[in-house]
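Data first, discussion second: the structure below is written as structure tokens.
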Amino acid sequence: MSLHQPQQGTSLLDFARALDFAAHKHIDQRRKGVRAEPYVNHLSEVALLVAEATEGKDAVSVIAALLHDTLEDTDASYEEIERLFGEEVVRVVAETTDDKRMSKAERKQHQIDAAPGASNRAKLVKLADKVSNLRSMAASPPADWPLSRKIEYFEWAFAVVKGLRGVNPRLETLFDRAYHDGLAELRGEGV
């Protein structure tokens with residue numbers, strides 16, 4: 001038995017624990033789109049995008065991707081995540097969490113301003129999050145959002161990602177595709 005096998009097993013176990021934790025914390029949450037998908041679908045997509053982008057070599061980033069909305073959208077605490085998943089994971093989760101004490105406009109501007117200075121792991125998670133959000137917006141947009149608001153969301157996501165570039169070409173390509181294809185879909189231009 002290799003010395004590396006227990007480490008890999010621990011990462012898989014940590015991943016399963018994080019998935020279970022996130023699923024339970026977000027149990028009653030649904031996406032805002034017309035299909036109202038379970039929120040955990042978004043978390044799993046973000047984790048998959050990060051896992052693929054890192055070729056499965058960065059368990060911390062993948063676990064943080066699963067947990068990236070727990071501080072912001074659930075009753076999970078910083079201390080709880082640190083105790084269960086460690087200091088590295090909670091730092092990335094905290095870095096990708098919006099401060100709900102700010103107004104929505106302030107939070108959106110803060111994401112744009114903070115993006116260039118984020119850690120590489122936080123950039124990976126944020127980039128994957130934006131890919132997932134744009135895909136969702138194109139496939140299942142909120143029914144009560146006018147076209148102008150949807151397009152505004154795409155433009156804001158583009159501004160955030162501008163500060164995340166340089167961390168992972170694969171995710172950047174996926175974002176660019178989601179951005180261009182999504183706008184075309186929203187405008188009824190087809191792709």
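As shown in the structure tokens, the chain order sets the letters A, B, ...; within each chain, residues go from 1, and ligands are also counted from 1 in the order they appear.
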
key: Non-local contacts of region 95-112 of chain A (9 Å; only C-alpha atoms; under 4 positions in same chain excluded) as a list in words   = Ala64, His68, Asp69, Thr70, Leu71, Glu72, Val90, Arg91, Pro116, Ala118, Ser119, Ala122, Lys123, Val125, Lys126, Trp156, Ala157, Ala159, Val160, Val161, Lys162 and Gly163 of chain A

task = Give me the residues within 8 Å of Leu183 (chain A) as a PyMOL selection string, counting only C-alpha atoms and dropping any in the same chain fewer than 6 places off.
result = chain A and resi 138+151+154

Those same residues - C-alpha atoms - I'd like them written as a short mmCIF file (atom, residue, chain, number, x, y, z; two decimals), in the first residue's frame.
data_model
loop_
_atom_site.label_atom_id
_atom_site.label_comp_id
_atom_site.auth_asym_id
_atom_site.auth_seq_id
_atom_site.Cartn_x
_atom_site.Cartn_y
_atom_site.Cartn_z
CA ALA A 138 -29.41 31.05 -19.99
CA ILE A 151 -28.16 41.01 -19.71
CA PHE A 154 -24.08 38.81 -17.71
#

ask   = So which one's closest to Val40 (chain A), A:Ala53, A:Ala18, A:Leu186, A:Leu164? Using only C-alpha atoms, please.
value =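 With only C-alpha atoms as the atom set, the closest residue is A:Ala18.
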
query = Residues of region 82-186 of chain A in helix (DSSP H, G or I) according to DSSP, as a ChimeraX atom specification?
reply = /A:82-85,87-95,104-117,120-139,147-162,169-186

Gap from CA of Asp73 (chain A) to CA of His26 (chain A) - Å, one decimal =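 According to the coordinates, CA of Asp73 (chain A) and CA of His26 (chain A) are separated by 7.9 Å.
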
task = List the neighbours of Leu84 (chain A) out to 9 Å using only C-alpha atoms; skip same-chain residues closer than 5 positions along the sequence, and give me the result as a PyMOL selection string.
result = chain A and resi 14+17-18+79

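Here CA of Val62 (chain A) is placed at a distance of 25.8 Å from CA of Arg35 (chain A).
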
task = Quick one: everything within 12 Å of Ala59 (chain A), counting only C-alpha atoms, minus sequence neighbours fewer than 2 positions away in the same chain. Send it as a ChimeraX atom specification.
result = /A:7-16,18,47-48,50-57,61-66,85-86,88-89,92,121

request  = State, in Å with one decimal place, the distance from CA of His180 (chain A) to CA of Lys130 (chain A).
outcome  =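 Separating CA of His180 (chain A) from CA of Lys130 (chain A) is a distance of 13.1 Å.
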